[in-house]
$ cat my_file_36.cif   # mmCIF, C-alpha atoms
data_data
#
loop_
_atom_site.label_atom_id
_atom_site.label_comp_id
_atom_site.auth_asym_id
_atom_site.auth_seq_id
_atom_site.Cartn_x
_atom_site.Cartn_y
_atom_site.Cartn_z
CA MET A 1 91.64 118.86 91.23
CA ARG A 2 90.96 115.16 90.62
CA ASN A 3 94.32 114.35 92.15
CA LEU A 4 93.67 116.51 95.21
CA TYR A 5 90.27 114.88 95.77
CA ALA A 6 91.88 111.47 95.38
CA LEU A 7 94.55 112.41 97.93
CA ILE A 8 91.87 113.59 100.38
CA ALA A 9 89.81 110.43 99.90
CA GLY A 10 92.86 108.19 100.28
CA SER A 11 93.96 110.03 103.43
CA LEU A 12 90.50 109.79 105.01
CA PHE A 13 90.42 106.10 104.09
CA GLY A 14 93.83 105.49 105.67
CA ILE A 15 92.95 107.39 108.85
CA GLY A 16 89.60 105.60 109.08
CA LEU A 17 91.26 102.20 108.71
CA THR A 18 93.80 103.06 111.39
CA VAL A 19 91.32 104.57 113.87
CA SER A 20 88.89 101.68 113.45
CA GLY A 21 91.61 99.13 114.22
CA MET A 22 91.32 97.43 110.84
CA ILE A 23 95.08 97.50 110.28
CA ASP A 24 95.32 95.19 113.30
CA THR A 25 95.04 91.75 111.75
CA THR A 26 93.86 90.20 115.03
CA LYS A 27 90.69 92.31 114.93
CA VAL A 28 89.77 91.03 111.46
CA GLN A 29 90.64 87.45 112.38
CA GLY A 30 88.83 87.86 115.69
CA TRP A 31 85.66 88.85 113.81
CA LEU A 32 85.92 85.95 111.37
CA ASP A 33 86.70 83.42 114.11
CA ILE A 34 83.23 82.69 115.42
CA PHE A 35 84.53 79.84 117.57
CA GLY A 36 87.21 81.95 119.22
CA ASP A 37 86.96 85.06 121.37
CA TRP A 38 84.62 86.81 118.93
CA ASP A 39 85.37 90.48 118.24
CA PRO A 40 82.40 92.48 116.89
CA THR A 41 84.42 95.58 115.84
CA LEU A 42 84.37 94.88 112.09
CA ALA A 43 80.59 94.94 111.99
CA PHE A 44 80.60 98.47 113.44
CA VAL A 45 83.23 99.56 110.91
CA MET A 46 81.16 98.18 108.03
CA GLY A 47 77.95 99.72 109.33
CA GLY A 48 79.65 103.04 109.97
CA ALA A 49 81.11 103.11 106.47
CA ILE A 50 77.92 102.12 104.68
CA LEU A 51 75.93 105.00 106.21
CA PRO A 52 77.76 107.97 104.59
CA MET A 53 78.14 105.97 101.39
CA ALA A 54 74.40 105.35 101.17
CA ILE A 55 73.84 109.12 101.52
CA ALA A 56 76.48 109.76 98.86
CA TRP A 57 74.74 107.40 96.41
CA ARG A 58 71.49 109.29 96.97
CA LEU A 59 73.27 112.58 96.26
CA THR A 60 74.44 111.29 92.88
CA ARG A 61 70.87 111.52 91.52
CA ASN A 62 70.46 114.22 88.89
CA ARG A 63 73.96 115.47 89.54
CA ARG A 64 77.41 115.22 88.05
CA PRO A 65 80.72 114.61 89.82
CA LEU A 66 82.43 117.80 91.04
CA ALA A 67 85.46 117.13 88.85
CA GLY A 68 83.31 116.41 85.80
CA GLY A 69 82.48 113.20 83.99
CA GLU A 70 79.68 110.83 84.89
CA PHE A 71 78.76 108.79 87.92
CA PRO A 72 79.37 105.05 87.57
CA LYS A 73 76.38 103.17 86.24
CA PRO A 74 75.26 99.97 87.92
CA PRO A 75 77.50 97.17 86.62
CA ALA A 76 76.24 95.25 83.60
CA ALA A 77 77.71 92.02 84.96
CA GLN A 78 75.41 89.93 87.12
CA ALA A 79 76.47 87.89 90.10
CA ASP A 80 78.43 85.43 87.97
CA ARG A 81 80.87 82.59 88.46
CA ASN A 82 84.00 84.73 88.60
CA LEU A 83 82.43 86.86 91.33
CA VAL A 84 81.79 83.77 93.45
CA ILE A 85 85.18 82.14 92.76
CA GLY A 86 87.03 85.39 93.33
CA SER A 87 85.19 86.32 96.51
CA THR A 88 85.76 82.84 97.93
CA MET A 89 89.50 83.03 97.22
CA PHE A 90 89.65 86.55 98.61
CA GLY A 91 87.86 85.48 101.80
CA MET A 92 90.33 82.64 102.33
CA GLY A 93 93.31 84.96 101.98
CA TRP A 94 91.64 87.65 104.08
CA ALA A 95 91.27 85.19 106.96
CA LEU A 96 94.78 83.73 106.63
CA ALA A 97 96.57 87.04 107.05
CA GLY A 98 93.80 89.27 108.43
CA LEU A 99 94.50 91.83 105.72
CA CYS A 100 92.49 93.05 102.74
CA PRO A 101 93.88 95.41 100.07
CA GLY A 102 93.14 98.78 101.74
CA PRO A 103 94.47 97.99 105.21
CA ALA A 104 97.44 96.19 103.62
CA ILE A 105 98.60 99.46 102.05
CA ALA A 106 97.75 101.52 105.16
CA SER A 107 99.63 99.10 107.41
CA LEU A 108 102.85 99.63 105.43
CA SER A 109 103.14 102.95 107.28
CA ILE A 110 103.79 101.02 110.49
CA GLY A 111 106.68 99.15 108.92
CA GLY A 112 107.68 95.53 109.19
CA ILE A 113 108.72 93.08 106.54
CA GLY A 114 105.51 91.03 106.64
CA GLY A 115 103.34 93.83 105.28
CA ILE A 116 105.70 94.38 102.36
CA VAL A 117 105.74 90.64 101.58
CA PHE A 118 101.93 90.62 101.66
CA VAL A 119 101.60 93.61 99.31
CA VAL A 120 104.16 92.17 96.86
CA ALA A 121 102.35 88.79 96.82
CA MET A 122 99.00 90.57 96.40
CA ALA A 123 100.32 92.62 93.49
CA ALA A 124 101.72 89.45 91.90
CA GLY A 125 98.31 87.82 92.27
CA MET A 126 96.64 90.84 90.69
CA PHE A 127 99.15 90.75 87.85
CA ILE A 128 98.50 87.11 86.92
CA ALA A 129 94.73 87.26 87.52
CA PRO A 130 93.69 88.45 84.00
CA ALA A 131 95.60 85.56 82.36
CA LEU A 132 94.10 83.04 84.80
CA LYS A 133 90.64 84.42 84.09
CA THR A 134 91.12 84.01 80.35
CA ARG A 135 92.28 80.42 80.84
CA LEU A 136 89.34 79.56 83.05
CA ASP A 137 86.89 81.10 80.58
CA LEU A 138 88.45 79.05 77.75
CA ALA A 139 88.51 75.81 79.72
CA MET A 140 85.00 76.22 81.13
CA PRO A 141 82.89 78.74 79.24
CA GLU A 142 80.30 80.19 81.54
CA PRO A 143 76.73 79.28 80.59
CA VAL A 144 74.90 82.47 79.65
CA MET B 145 89.06 96.95 124.64
CA GLU B 146 85.51 97.90 125.66
CA GLN B 147 85.55 101.07 123.53
CA ASP B 148 86.84 99.26 120.46
CA TRP B 149 83.41 99.27 118.88
CA ILE B 150 83.14 103.06 119.25
CA TRP B 151 86.46 103.53 117.48
CA GLY B 152 85.29 101.01 114.91
CA LEU B 153 82.19 103.10 114.30
CA ILE B 154 84.15 106.38 114.10
CA GLY B 155 86.72 104.83 111.78
CA GLY B 156 83.94 103.31 109.70
CA LEU B 157 82.26 106.71 109.31
CA LEU B 158 85.61 108.14 108.12
CA ILE B 159 85.96 105.29 105.62
CA GLY B 160 82.44 105.98 104.34
CA MET B 161 83.23 109.69 104.05
CA ALA B 162 86.35 108.82 102.07
CA GLY B 163 84.21 106.79 99.68
CA ALA B 164 81.69 109.64 99.49
CA VAL B 165 84.42 112.13 98.54
CA TYR B 166 85.82 109.82 95.88
CA LEU B 167 82.36 109.23 94.44
CA LEU B 168 80.91 112.75 94.58
CA ALA B 169 84.11 114.54 93.55
CA ASN B 170 85.73 112.19 91.06
CA GLY B 171 82.75 110.04 90.13
CA ARG B 172 84.59 106.87 91.04
CA ILE B 173 83.91 103.91 93.28
CA MET B 174 86.42 103.67 96.09
CA GLY B 175 87.56 100.09 95.79
CA ALA B 176 91.07 99.50 97.07
CA SER B 177 91.65 96.35 95.01
CA GLY B 178 90.43 98.04 91.83
CA ILE B 179 92.57 101.12 92.39
CA ILE B 180 95.69 99.00 92.99
CA GLY B 181 94.86 96.35 90.40
CA GLY B 182 94.38 98.89 87.61
CA LEU B 183 97.94 100.09 88.21
CA VAL B 184 99.40 96.58 88.47
CA ASP B 185 97.91 95.14 85.27
CA GLY B 186 97.92 98.40 83.32
CA SER B 187 94.14 98.47 82.79
CA GLY B 188 93.92 101.78 84.68
CA ARG B 189 96.67 103.53 82.76
CA ASN B 190 94.48 106.48 81.79
CA THR B 191 93.59 107.19 85.40
CA ALA B 192 96.97 106.25 86.86
CA ARG B 193 97.60 109.65 88.41
CA GLU B 194 94.50 109.83 90.60
CA ARG B 195 95.07 106.22 91.64
CA ILE B 196 98.61 107.05 92.76
CA TYR B 197 97.42 110.12 94.69
CA PHE B 198 94.75 108.03 96.42
CA LEU B 199 97.27 105.35 97.40
CA ALA B 200 99.76 107.99 98.55
CA GLY B 201 97.13 109.39 100.93
CA LEU B 202 96.24 105.90 102.12
CA LEU B 203 99.88 105.09 102.80
CA VAL B 204 101.03 108.36 104.33
CA ALA B 205 98.01 109.67 106.30
CA PRO B 206 98.14 106.93 108.98
CA MET B 207 101.68 108.05 109.84
CA PHE B 208 100.28 111.34 111.11
CA ILE B 209 97.92 109.78 113.62
CA ILE B 210 99.99 106.79 114.69
CA PRO B 211 102.13 108.97 117.05
CA PHE B 212 98.96 109.59 119.10
CA TYR B 213 98.66 105.91 119.87
CA ARG B 214 100.57 104.31 122.67
CA GLU B 215 101.08 101.27 120.57
CA VAL B 216 100.02 100.25 117.09
CA ASN B 217 100.70 96.83 115.79
CA THR B 218 99.42 94.95 112.78
CA ASN B 219 100.05 91.68 114.66
CA LEU B 220 100.64 90.05 111.29
CA THR B 221 101.72 86.43 111.46
CA THR B 222 105.48 85.94 111.23
CA ASN B 223 104.98 82.84 109.07
CA LEU B 224 105.92 84.33 105.70
CA TRP B 225 104.56 81.31 103.79
CA VAL B 226 101.13 82.05 105.20
CA VAL B 227 101.58 85.73 104.33
CA ILE B 228 102.56 84.90 100.73
CA ALA B 229 99.67 82.46 100.28
CA ALA B 230 97.25 85.00 101.71
CA GLY B 231 98.58 87.80 99.50
CA LEU B 232 98.25 85.68 96.36
CA LEU B 233 94.71 84.61 97.27
CA VAL B 234 93.69 88.21 97.99
CA GLY B 235 95.30 89.48 94.79
CA ILE B 236 93.84 86.86 92.45
CA GLY B 237 90.50 86.70 94.24
CA THR B 238 89.79 90.43 94.28
CA ARG B 239 90.56 90.72 90.56
CA PHE B 240 88.34 87.75 89.71
CA ALA B 241 85.57 89.25 91.82
CA ASN B 242 86.34 92.79 90.67
CA GLY B 243 86.28 94.11 94.20
CA CYS B 244 87.06 93.62 97.86
CA THR B 245 85.77 94.81 101.24
CA SER B 246 85.76 98.47 100.20
CA GLY B 247 84.41 98.17 96.66
CA HIS B 248 81.86 95.37 97.13
CA GLY B 249 81.34 95.62 100.88
CA VAL B 250 81.12 99.36 101.50
CA CYS B 251 80.37 100.90 98.09
CA GLY B 252 78.36 97.97 96.68
CA ILE B 253 76.07 97.24 99.61
CA SER B 254 75.36 100.96 100.15
CA ARG B 255 73.97 101.18 96.60
CA LEU B 256 72.05 97.91 97.13
CA SER B 257 74.09 96.14 94.46
CA LEU B 258 73.36 92.43 94.10
CA ARG B 259 76.99 91.77 93.16
CA GLY B 260 78.11 93.60 96.30
CA PHE B 261 75.85 91.48 98.52
CA VAL B 262 76.81 88.20 96.85
CA ALA B 263 80.54 88.99 97.03
CA THR B 264 80.30 89.99 100.68
CA VAL B 265 78.38 86.85 101.65
CA PHE B 266 80.94 84.65 99.89
CA TYR B 267 84.08 86.29 101.22
CA ILE B 268 82.76 86.33 104.78
CA MET B 269 81.68 82.67 104.59
CA ALA B 270 84.99 81.64 102.99
CA GLY B 271 86.86 83.70 105.59
CA GLY B 272 84.95 82.11 108.45
CA ALA B 273 85.55 78.62 107.07
CA MET B 274 89.25 79.35 106.55
CA MET B 275 89.51 80.62 110.13
CA ILE B 276 88.11 77.35 111.45
CA PHE B 277 90.37 75.29 109.19
CA ALA B 278 93.61 77.23 109.62
CA ARG B 279 93.27 78.14 113.30
CA HIS B 280 91.38 75.28 114.88
CA VAL B 281 92.28 72.35 112.59
CA LEU B 282 95.73 73.10 111.14
CA GLU B 283 96.61 75.54 113.93
CA ILE B 284 98.90 77.57 111.64
CA ILE B 285 97.52 81.06 112.44
#

$ encode --input "my_file_36.cif" --output "structure tokens"
Amino acid sequence: MRNLYALIAGSLFGIGLTVSGMIDTTKVQGWLDIFGDWDPTLAFVMGGAILPMAIAWRLTRNRRPLAGGEFPKPPAAQADRNLVIGSTMFGMGWALAGLCPGPAIASLSIGGIGGIVFVVAMAAGMFIAPALKTRLDLAMPEPV
Amino acid sequence: MEQDWIWGLIGGLLIGMAGAVYLLANGRIMGASGIIGGLVDGSGRNTARERIYFLAGLLVAPMFIIPFYREVNTNLTTNLWVVIAAGLLVGIGTRFANGCTSGHGVCGISRLSLRGFVATVFYIMAGGAMMIFARHVLEII
């Protein structure tokens, strides 16, 4: 059942990203480009997505997941250095191509070599990230 | 063009419902970068199957609705150096931050997570600054 639920969630996610226009990189870049012809769409997508999710979080109280197990606890990690460094890097890449991880996968269904190049580069980045993180932590231990 | 925000809202609601299904059914946070990253670096080996099913849905489902559009285009830049740089930044950055737009933005903010808010503020500010730099100064995108 877990796999079926995951398939349903992934499909809804992919359809939502397509319908909302988020696989069109110009809409993401248009939202980020406040000095250009500003496109407000992304704000509606975010707002629209947060609403059902907020209800879902409420429903997790005193319940268990349908497929068993536990609901995720709030993360132990605080807003630390790696969160800030990572989010800043992510934001830079997000603006450059107009793609974030979800839409990057969904956009592969349209075809084109660029999307494949992006996903391969992203996977390479994800692959080397743990080693980079270890190096950074060794070079500059984070003050606790 | 005028109705874009309505489609944005409808699509957003679908994205939120996707996250709700993943949370309420499987007890997991729907973060695209985490789902992919766990497969890439092997940290999600024990949950590999549900990750693959999720990604299969994400990849294949759009193909069923794309025929209803007159025209769908990602309008991705043809400058592959920019694409590669962007992909690397997104890959490394989301793993450092442990989340992206879906995990921190949608799932984090909706549970009022401080990390979600902080991440979202930083990636939007960095994205806005990069837009100014790359589009209006360097003029490469």

$ resolve_selection --input "my_file_36.cif" --expression "the PyMOL selection byres ((chain A and resi 36-46) around 8)" --output "number ranges by chain"
A: 20, 22, 27-28, 30-35, 47-50; B: 148-150, 152-157, 249-250

$ resolve_selection --input "my_file_36.cif" --expression "the PyMOL selection byres ((chain A) within 6 of (chain B))" --output "JSON, numbers by chain"
{"A": [3, 6, 7, 9, 10, 11, 12, 13, 14, 15, 16, 19, 20, 23, 24, 25, 32, 33, 41, 44, 45, 48, 49, 50, 52, 53, 54, 56, 65, 66, 67, 71, 79, 82, 83, 86, 87, 88, 89, 90, 91, 92, 93, 95, 96, 97, 101, 102, 105, 106, 109, 118, 121, 122, 125, 126, 127, 129]}

$ atom_distance --input "my_file_36.cif" --atom1 "CA of Gly98 in chain A" --atom2 "CA of Gln29 in chain A"
5.4 Å

$ atom_distance --input "my_file_36.cif" --atom1 "CA of Pro130 in chain A" --atom2 "CA of Arg2 in chain A"
27.7 Å

$ atom_distance --input "my_file_36.cif" --atom1 "CA of Gly114 in chain A" --atom2 "CA of Leu99 in chain A"
11.1 Å

$ closest_residue --input "my_file_36.cif" --among "A:Arg135, A:Leu59, A:Ala77, A:Ala104" --to "Ile116 in chain A" --atoms "all atoms listed in the file"
A:Ala104

$ build_atoms --input "my_file_36.cif" --residues "range 210-221 of chain B" --atoms "all heavy atoms" --output "short mmCIF file (atom, residue, chain, number, x, y, z; two decimals), in the coordinates of the input"
data_model
loop_
_atom_site.label_atom_id
_atom_site.label_comp_id
_atom_site.auth_asym_id
_atom_site.auth_seq_id
_atom_site.Cartn_x
_atom_site.Cartn_y
_atom_site.Cartn_z
N ILE B 210 99.41 107.88 113.90
CA ILE B 210 99.99 106.79 114.69
C ILE B 210 100.75 107.31 115.93
O ILE B 210 100.67 106.69 116.99
CB ILE B 210 100.87 105.90 113.79
CG1 ILE B 210 99.94 105.00 112.96
CG2 ILE B 210 101.85 105.05 114.59
CD1 ILE B 210 100.61 104.23 111.87
N PRO B 211 101.44 108.48 115.84
CA PRO B 211 102.13 108.97 117.05
C PRO B 211 101.20 109.20 118.24
O PRO B 211 101.65 109.21 119.38
CB PRO B 211 102.74 110.29 116.59
CG PRO B 211 102.92 110.14 115.14
CD PRO B 211 101.78 109.28 114.68
N PHE B 212 99.88 109.36 118.00
CA PHE B 212 98.96 109.59 119.10
C PHE B 212 98.57 108.29 119.81
O PHE B 212 97.91 108.32 120.83
CB PHE B 212 97.69 110.30 118.60
CG PHE B 212 97.98 111.67 118.07
CD1 PHE B 212 98.04 111.92 116.70
CD2 PHE B 212 98.22 112.72 118.94
CE1 PHE B 212 98.32 113.19 116.21
CE2 PHE B 212 98.51 113.99 118.46
CZ PHE B 212 98.56 114.21 117.10
N TYR B 213 98.97 107.19 119.23
CA TYR B 213 98.66 105.91 119.87
C TYR B 213 99.83 105.48 120.73
O TYR B 213 100.98 105.71 120.39
CB TYR B 213 98.42 104.84 118.80
CG TYR B 213 97.11 104.96 118.08
CD1 TYR B 213 96.93 105.88 117.05
CD2 TYR B 213 96.05 104.14 118.42
CE1 TYR B 213 95.72 105.99 116.39
CE2 TYR B 213 94.85 104.25 117.77
CZ TYR B 213 94.69 105.17 116.75
OH TYR B 213 93.50 105.26 116.11
N ARG B 214 99.49 104.83 121.84
CA ARG B 214 100.57 104.31 122.67
C ARG B 214 101.29 103.19 121.93
O ARG B 214 102.48 103.03 122.01
CB ARG B 214 99.99 103.76 123.98
CG ARG B 214 100.13 104.74 125.11
CD ARG B 214 99.49 104.18 126.34
NE ARG B 214 98.12 103.77 126.03
CZ ARG B 214 97.40 102.98 126.80
NH1 ARG B 214 97.90 102.53 127.92
NH2 ARG B 214 96.17 102.66 126.47
N GLU B 215 100.48 102.45 121.21
CA GLU B 215 101.08 101.27 120.57
C GLU B 215 100.19 100.88 119.39
O GLU B 215 98.98 100.77 119.53
CB GLU B 215 101.15 100.17 121.62
CG GLU B 215 101.22 98.78 121.09
CD GLU B 215 101.20 97.76 122.23
OE1 GLU B 215 100.47 97.99 123.22
OE2 GLU B 215 101.90 96.77 122.11
N VAL B 216 100.78 100.75 118.23
CA VAL B 216 100.02 100.25 117.09
C VAL B 216 100.78 99.05 116.55
O VAL B 216 101.98 99.10 116.37
CB VAL B 216 99.93 101.28 115.95
CG1 VAL B 216 98.87 100.88 114.95
CG2 VAL B 216 99.65 102.65 116.49
N ASN B 217 100.06 98.02 116.31
CA ASN B 217 100.70 96.83 115.79
C ASN B 217 99.75 96.15 114.82
O ASN B 217 98.55 96.09 115.07
CB ASN B 217 101.04 95.89 116.95
CG ASN B 217 102.10 94.89 116.57
OD1 ASN B 217 102.24 94.55 115.39
ND2 ASN B 217 102.84 94.40 117.53
N THR B 218 100.29 95.68 113.70
CA THR B 218 99.42 94.95 112.78
C THR B 218 99.23 93.51 113.25
O THR B 218 98.32 92.84 112.82
CB THR B 218 100.00 94.92 111.35
OG1 THR B 218 101.29 94.33 111.42
CG2 THR B 218 100.08 96.30 110.75
N ASN B 219 100.11 93.05 114.16
CA ASN B 219 100.05 91.68 114.66
C ASN B 219 99.98 90.65 113.53
O ASN B 219 99.32 89.62 113.66
CB ASN B 219 98.85 91.49 115.60
CG ASN B 219 99.00 92.33 116.85
OD1 ASN B 219 100.03 92.28 117.50
ND2 ASN B 219 97.99 93.11 117.18
N LEU B 220 100.63 90.97 112.43
CA LEU B 220 100.64 90.05 111.29
C LEU B 220 101.46 88.82 111.65
O LEU B 220 102.48 88.92 112.33
CB LEU B 220 101.25 90.78 110.07
CG LEU B 220 101.27 90.04 108.74
CD1 LEU B 220 99.85 89.76 108.27
CD2 LEU B 220 102.01 90.87 107.69
N THR B 221 100.99 87.67 111.18
CA THR B 221 101.72 86.43 111.46
C THR B 221 103.16 86.53 110.95
O THR B 221 103.43 87.17 109.93
CB THR B 221 101.02 85.21 110.82
OG1 THR B 221 101.87 84.07 110.95
CG2 THR B 221 100.75 85.43 109.34
#
